[in-house]
Amino acid sequence: MKSSSPVATPPLSPYGVFSGTLFQYSSSPSLIAFESLPPSAHINNDENISKKKCILIGGLSDGPIPTPYTKLLEEECHSLGWSLVQPVLSSSYLGFGHGSLSRDTCEIGKLLDYLVVHHDAEYFALVGHSTGCQNSIHFLKHGDNDVDNNYIRSSSRTKRVKVVALQAPVSDRETDQDNSKYIQHAQQLVSQNQGDEMMPRSSFWAPITASRYISLFDKDGDDDFFSSDLTDEQLRERLGHVSRQGGSSELDVLAVYSGKDEYVPSFVDKDKLLKRMVDAMNDGGRCTNAKGLMLPNANHNLSKSEGDARTFVDAVGELLRKW
């Protein structure tokens with residue numbers, strides 16, 4: 001008779017347990033989101049429903065509950081009368097490999113439309129982690145490209161965004177400096193109108209098309225917003241619209257960099273890069289909408305200590321508090 005070995009007990013949800021409302025915000029493609037409301041708010045009670053929605057957007061391979069600070073962020077939102085919304089995009093989990101920032105922006109736009117029409121939303125905050133930072137920056141520039149005026153009559157989507165927090169706005173391109181042969185292969189496929197073809201398995205840890213590979217890892221790719229070798233002018237080209245958006249909608253932007261981010265190469269001067277990014281978002285000093293925050297000992301997702309996560313969430317809360 002075989003001796004039975006003890007069965008390992010699965011750990012309690014490590015990033016927290018959440019209660020709220022699950023809903024489908026798009027039917028084509030079918031996409032869902034989860035909203036956790038403040039204790040005093042209820043979807044079916046128009047008087048108490050929270051009209052302020054904080055959208056948490058994770059990075060590559062993330063889905064709902066993308067970061068260790070998600071529960072802290074939810075609690076901070078609730079204390080200030082905001083709800084926390086966590087969407088599933090087509091690019092969630094491994095879907096990013098055949099996606100694009102443009103597709104993500106379109107789907108985030110659908111989410112905001114749904115929340116305005118069905119959840120009485122008035123204002124939004126975008127909190128991006130890692131590649132979610134690129135999503136947030138891209139949405140500010142292109143989020144109104146396909147607005148259906150039958151849905152949003154009073155104002156554009158982007159003008160409803162009052163706070164953007166960028167946590168770990170790092171360069172995917174600079175994380176892999178030894179991929180020139182794959183860049184060339186991807187460029188060849190794209191030049192032959194085969195950008196949707198998959199890259200070799202050895203090129204990346206997840207399935208990825210040639211077009212998305214170029215976007216993430218080639219210089220001047222669509223995702224190349226935060227690389228340290230971009231000139232000040234190139235950074236302003238990519239980030240300068242933030243200040244223009246801020247001037248028309250009272251937008252506040254917080255860029256938060258981790259001093260010990262494991263995805264940032266050692267040759268990058270993190271303090272200098274953060275300052276340059278903030279300057280670019282402020283259009284070279286013409287505006288003051290964007291602020292920077294360096295967490296000297298923090299890692300990429302702020303999991304090293306709760307103190308880093310608390311500092312970040314408190315900083316986001318200071319901006320949410322204005323609304």
# chains A, B, ... in the order shown; residues from 1 in each chain; ligands from 1
$ select_by_dssp --residues "region 34-276 of chain A" --states "alpha helix (DSSP H)" --output "PyMOL selection string"
chain A and resi 70-79+101-118+131-142+157-160+180-191+210-217+232-239+241-249+270-276
$ write_last_selection --atoms "C-alpha atoms" --output "compact mmCIF listing (two decimals), in the first residue's frame"
# COMPACT_ATOMS: atom_id res chain seq x y z
CA THR A 70 -3.93 46.16 -5.93
CA LYS A 71 -5.69 45.71 -2.59
CA LEU A 72 -4.03 48.80 -1.13
CA LEU A 73 -5.12 50.77 -4.17
CA GLU A 74 -8.69 49.50 -3.82
CA GLU A 75 -8.79 50.53 -0.16
CA GLU A 76 -7.40 53.99 -0.98
CA CYS A 77 -9.93 54.43 -3.78
CA HIS A 78 -12.81 53.42 -1.52
CA SER A 79 -11.71 55.78 1.26
CA LEU A 101 -1.48 49.73 -28.26
CA SER A 102 -4.10 50.86 -30.76
CA ARG A 103 -6.26 47.80 -30.08
CA ASP A 104 -5.84 48.31 -26.34
CA THR A 105 -6.85 51.98 -26.62
CA CYS A 106 -9.97 51.04 -28.58
CA GLU A 107 -10.98 48.53 -25.90
CA ILE A 108 -10.24 50.89 -23.01
CA GLY A 109 -12.44 53.39 -24.82
CA LYS A 110 -15.25 50.83 -24.94
CA LEU A 111 -14.82 50.28 -21.20
CA LEU A 112 -15.11 54.00 -20.44
CA ASP A 113 -18.16 54.31 -22.69
CA TYR A 114 -19.84 51.42 -20.86
CA LEU A 115 -19.07 52.90 -17.46
CA VAL A 116 -20.47 56.29 -18.48
CA VAL A 117 -23.67 54.82 -19.92
CA HIS A 118 -24.37 52.01 -17.45
CA THR A 131 3.36 48.31 -20.20
CA GLY A 132 0.10 49.63 -18.75
CA CYS A 133 2.01 52.93 -18.66
CA GLN A 134 2.34 52.85 -22.46
CA ASN A 135 -1.39 52.09 -22.62
CA SER A 136 -2.19 55.14 -20.49
CA ILE A 137 0.02 57.51 -22.50
CA HIS A 138 -1.31 56.15 -25.80
CA PHE A 139 -4.92 56.49 -24.62
CA LEU A 140 -4.47 60.16 -23.75
CA LYS A 141 -3.45 60.84 -27.35
CA HIS A 142 -5.75 58.48 -29.25
CA ARG A 157 -13.32 60.31 -23.18
CA THR A 158 -9.89 61.79 -22.58
CA LYS A 159 -11.26 64.95 -20.94
CA ARG A 160 -12.96 62.75 -18.37
CA SER A 180 19.38 42.01 -33.49
CA LYS A 181 18.86 38.83 -35.54
CA TYR A 182 15.26 38.61 -34.43
CA ILE A 183 14.70 42.31 -35.13
CA GLN A 184 15.97 41.73 -38.67
CA HIS A 185 13.73 38.69 -39.08
CA ALA A 186 10.70 40.61 -37.86
CA GLN A 187 11.51 43.58 -40.11
CA GLN A 188 11.73 41.25 -43.10
CA LEU A 189 8.33 39.73 -42.35
CA VAL A 190 6.75 43.16 -41.92
CA SER A 191 8.29 44.39 -45.18
CA ALA A 210 6.51 40.08 -36.06
CA SER A 211 4.58 43.34 -35.82
CA ARG A 212 4.32 43.28 -32.02
CA TYR A 213 7.96 42.24 -31.75
CA ILE A 214 8.95 45.32 -33.77
CA SER A 215 6.65 47.48 -31.67
CA LEU A 216 8.19 46.34 -28.39
CA PHE A 217 11.86 45.85 -29.27
CA ASP A 232 14.74 65.22 -25.43
CA GLU A 233 12.98 66.09 -28.67
CA GLN A 234 12.01 62.45 -29.26
CA LEU A 235 10.66 62.18 -25.74
CA ARG A 236 8.56 65.31 -26.25
CA GLU A 237 7.21 63.83 -29.50
CA ARG A 238 6.07 60.77 -27.56
CA LEU A 239 4.98 62.38 -24.29
CA HIS A 241 0.63 65.59 -25.62
CA VAL A 242 0.24 64.90 -21.89
CA SER A 243 0.76 68.58 -21.08
CA ARG A 244 -1.63 69.67 -23.83
CA GLN A 245 -4.24 67.28 -22.45
CA GLY A 246 -3.58 68.56 -18.95
CA GLY A 247 -4.14 72.15 -19.95
CA SER A 248 -7.63 71.40 -21.24
CA SER A 249 -8.88 69.00 -18.56
CA LYS A 270 17.16 56.25 -13.53
CA ASP A 271 16.99 59.61 -11.77
CA LYS A 272 18.04 61.45 -14.89
CA LEU A 273 15.64 59.50 -17.10
CA LEU A 274 12.70 60.12 -14.77
CA LYS A 275 13.42 63.86 -14.79
CA ARG A 276 13.68 63.87 -18.60
$ residues_around --residues "Leu56 (chain A)" --least-positions-apart "2" --cutoff "7 Å" --atoms "only C-alpha atoms" --output "compact mmCIF listing (two decimals) with C-alpha atoms, in the first residue's frame"
# COMPACT_ATOMS: atom_id res chain seq x y z
CA CYS A 54 -10.03 54.25 -11.21
CA GLY A 58 -1.37 45.83 -15.87
CA VAL A 85 -12.13 48.80 -12.13
CA GLN A 86 -9.94 45.97 -13.41
CA LEU A 126 -5.80 55.50 -15.18
CA VAL A 127 -3.20 53.63 -13.13
CA GLY A 128 -0.75 51.83 -15.39
$ residues_around --residues "Lys291 (chain A)" --least-positions-apart "6" --cutoff "10 Å" --atoms "only C-alpha atoms" --output "mmCIF file with C-alpha atoms, in the first residue's frame"
data_model
loop_
_atom_site.group_PDB
_atom_site.id
_atom_site.type_symbol
_atom_site.label_atom_id
_atom_site.label_comp_id
_atom_site.auth_asym_id
_atom_site.auth_seq_id
_atom_site.Cartn_x
_atom_site.Cartn_y
_atom_site.Cartn_z
ATOM 1 C CA ALA A 165 -0.346 57.319 -12.582
ATOM 2 C CA ASP A 252 -2.568 65.373 -13.112
ATOM 3 C CA VAL A 253 0.122 62.854 -14.067
ATOM 4 C CA LEU A 254 2.382 60.984 -11.663
ATOM 5 C CA ALA A 255 5.394 59.066 -13.009
ATOM 6 C CA VAL A 256 6.883 56.641 -10.465
ATOM 7 C CA LEU A 274 12.696 60.122 -14.772
ATOM 8 C CA LYS A 275 13.423 63.855 -14.789
ATOM 9 C CA MET A 277 10.372 62.017 -18.974
ATOM 10 C CA VAL A 278 8.586 64.405 -16.624
ATOM 11 C CA ASP A 279 10.086 67.392 -18.445
ATOM 12 C CA MET A 281 5.335 65.448 -20.334
ATOM 13 C CA ASN A 282 5.464 69.056 -19.113
#
$ closest_residue --among "A:Thr209, A:Ser36, A:Asn297, A:Gln177" --to "Thr21 (chain A)" --atoms "only C-alpha atoms"
A:Ser36
$ select_by_dssp --residues "region 75-320 of chain A" --states "strand (DSSP E or B)" --output "PyMOL selection string"
chain A and resi 83-87+123-129+161-167+198+209+252-258+290-295
$ atom_distance --atom1 "CA of Pro38 (chain A)" --atom2 "CA of Ile65 (chain A)"
17.2 Å
$ residues_around --residues "Leu302 (chain A)" --least-positions-apart "2" --cutoff "10 Å" --atoms "only C-alpha atoms" --output "list in words"
Thr67, Pro68, Tyr69, Gln167, Ala168, Ser258, Lys260, Asp261, Leu295, Asn297, Ala298, Asn299, His300, Lys304, Ser305, Glu306, Gly307, Asp308, Ala309, Arg310, Thr311 and Phe312 of chain A
$ atom_distance --atom1 "CA of Pro87 (chain A)" --atom2 "CA of Tyr257 (chain A)"
23.7 Å
$ residues_around --residues "Ser50 (chain A)" --least-positions-apart "6" --cutoff "10 Å" --atoms "only C-alpha atoms" --output "mmCIF file with N, CA, C and O atoms, in the first residue's frame"
data_model
loop_
_atom_site.group_PDB
_atom_site.id
_atom_site.type_symbol
_atom_site.label_atom_id
_atom_site.label_comp_id
_atom_site.auth_asym_id
_atom_site.auth_seq_id
_atom_site.Cartn_x
_atom_site.Cartn_y
_atom_site.Cartn_z
ATOM 1 N N LEU A 37 -16.742 48.456 -5.623
ATOM 2 C CA LEU A 37 -17.302 49.746 -5.229
ATOM 3 C C LEU A 37 -17.006 50.058 -3.775
ATOM 4 O O LEU A 37 -16.804 49.144 -2.964
ATOM 5 N N PRO A 38 -16.998 51.327 -3.414
ATOM 6 C CA PRO A 38 -16.922 51.686 -1.994
ATOM 7 C C PRO A 38 -18.074 51.040 -1.235
ATOM 8 O O PRO A 38 -19.145 50.813 -1.806
ATOM 9 N N SER A 40 -20.316 52.051 0.648
ATOM 10 C CA SER A 40 -21.593 52.773 0.679
ATOM 11 C C SER A 40 -22.274 52.841 -0.677
ATOM 12 O O SER A 40 -23.386 53.347 -0.792
ATOM 13 N N ALA A 41 -21.609 52.359 -1.725
ATOM 14 C CA ALA A 41 -22.140 52.503 -3.079
ATOM 15 C C ALA A 41 -22.687 51.180 -3.583
ATOM 16 O O ALA A 41 -22.147 50.109 -3.312
ATOM 17 N N HIS A 42 -23.753 51.261 -4.351
ATOM 18 C CA HIS A 42 -24.363 50.075 -4.932
ATOM 19 C C HIS A 42 -24.798 50.406 -6.353
ATOM 20 O O HIS A 42 -25.322 51.480 -6.624
ATOM 21 N N ILE A 43 -24.566 49.461 -7.257
ATOM 22 C CA ILE A 43 -24.879 49.690 -8.675
ATOM 23 C C ILE A 43 -26.342 50.072 -8.868
ATOM 24 O O ILE A 43 -26.671 50.921 -9.677
ATOM 25 N N HIS A 78 -11.555 53.454 -2.263
ATOM 26 C CA HIS A 78 -12.809 53.420 -1.518
ATOM 27 C C HIS A 78 -12.856 54.503 -0.442
ATOM 28 O O HIS A 78 -13.908 55.117 -0.211
ATOM 29 N N GLY A 81 -13.968 57.661 -2.085
ATOM 30 C CA GLY A 81 -15.197 57.663 -2.870
ATOM 31 C C GLY A 81 -15.049 57.231 -4.309
ATOM 32 O O GLY A 81 -15.940 57.457 -5.131
ATOM 33 N N TRP A 82 -13.909 56.612 -4.647
ATOM 34 C CA TRP A 82 -13.683 56.080 -5.989
ATOM 35 C C TRP A 82 -13.925 54.574 -5.989
ATOM 36 O O TRP A 82 -13.700 53.898 -4.985
ATOM 37 N N SER A 83 -14.340 54.037 -7.127
ATOM 38 C CA SER A 83 -14.355 52.586 -7.292
ATOM 39 C C SER A 83 -13.104 52.183 -8.071
ATOM 40 O O SER A 83 -12.470 53.011 -8.738
ATOM 41 N N LEU A 84 -12.738 50.909 -7.967
ATOM 42 C CA LEU A 84 -11.593 50.372 -8.708
ATOM 43 C C LEU A 84 -12.112 49.417 -9.769
ATOM 44 O O LEU A 84 -12.883 48.497 -9.463
ATOM 45 N N HIS A 119 -22.866 52.762 -15.641
ATOM 46 C CA HIS A 119 -22.454 52.886 -14.241
ATOM 47 C C HIS A 119 -22.333 54.345 -13.821
ATOM 48 O O HIS A 119 -21.699 54.647 -12.811
ATOM 49 N N ASP A 120 -22.887 55.246 -14.628
ATOM 50 C CA ASP A 120 -23.011 56.648 -14.250
ATOM 51 C C ASP A 120 -21.664 57.319 -13.993
ATOM 52 O O ASP A 120 -21.553 58.220 -13.150
ATOM 53 N N ALA A 121 -20.621 56.898 -14.696
ATOM 54 C CA ALA A 121 -19.289 57.456 -14.472
ATOM 55 C C ALA A 121 -19.183 58.884 -14.987
ATOM 56 O O ALA A 121 -19.739 59.227 -16.036
ATOM 57 N N GLU A 122 -18.468 59.703 -14.234
ATOM 58 C CA GLU A 122 -18.184 61.080 -14.655
ATOM 59 C C GLU A 122 -16.696 61.309 -14.882
ATOM 60 O O GLU A 122 -16.292 61.951 -15.841
ATOM 61 N N TYR A 123 -15.881 60.803 -13.955
ATOM 62 C CA TYR A 123 -14.446 61.022 -14.025
ATOM 63 C C TYR A 123 -13.713 59.694 -13.959
ATOM 64 O O TYR A 123 -14.199 58.721 -13.368
#
$ atom_distance --atom1 "CA of Leu89 (chain A)" --atom2 "CA of Gln192 (chain A)"
28.7 Å
$ closest_residue --among "A:Arg321, A:Val88, A:Ser100, A:Cys287" --to "Tyr25 (chain A)" --atoms "only C-alpha atoms"
A:Val88
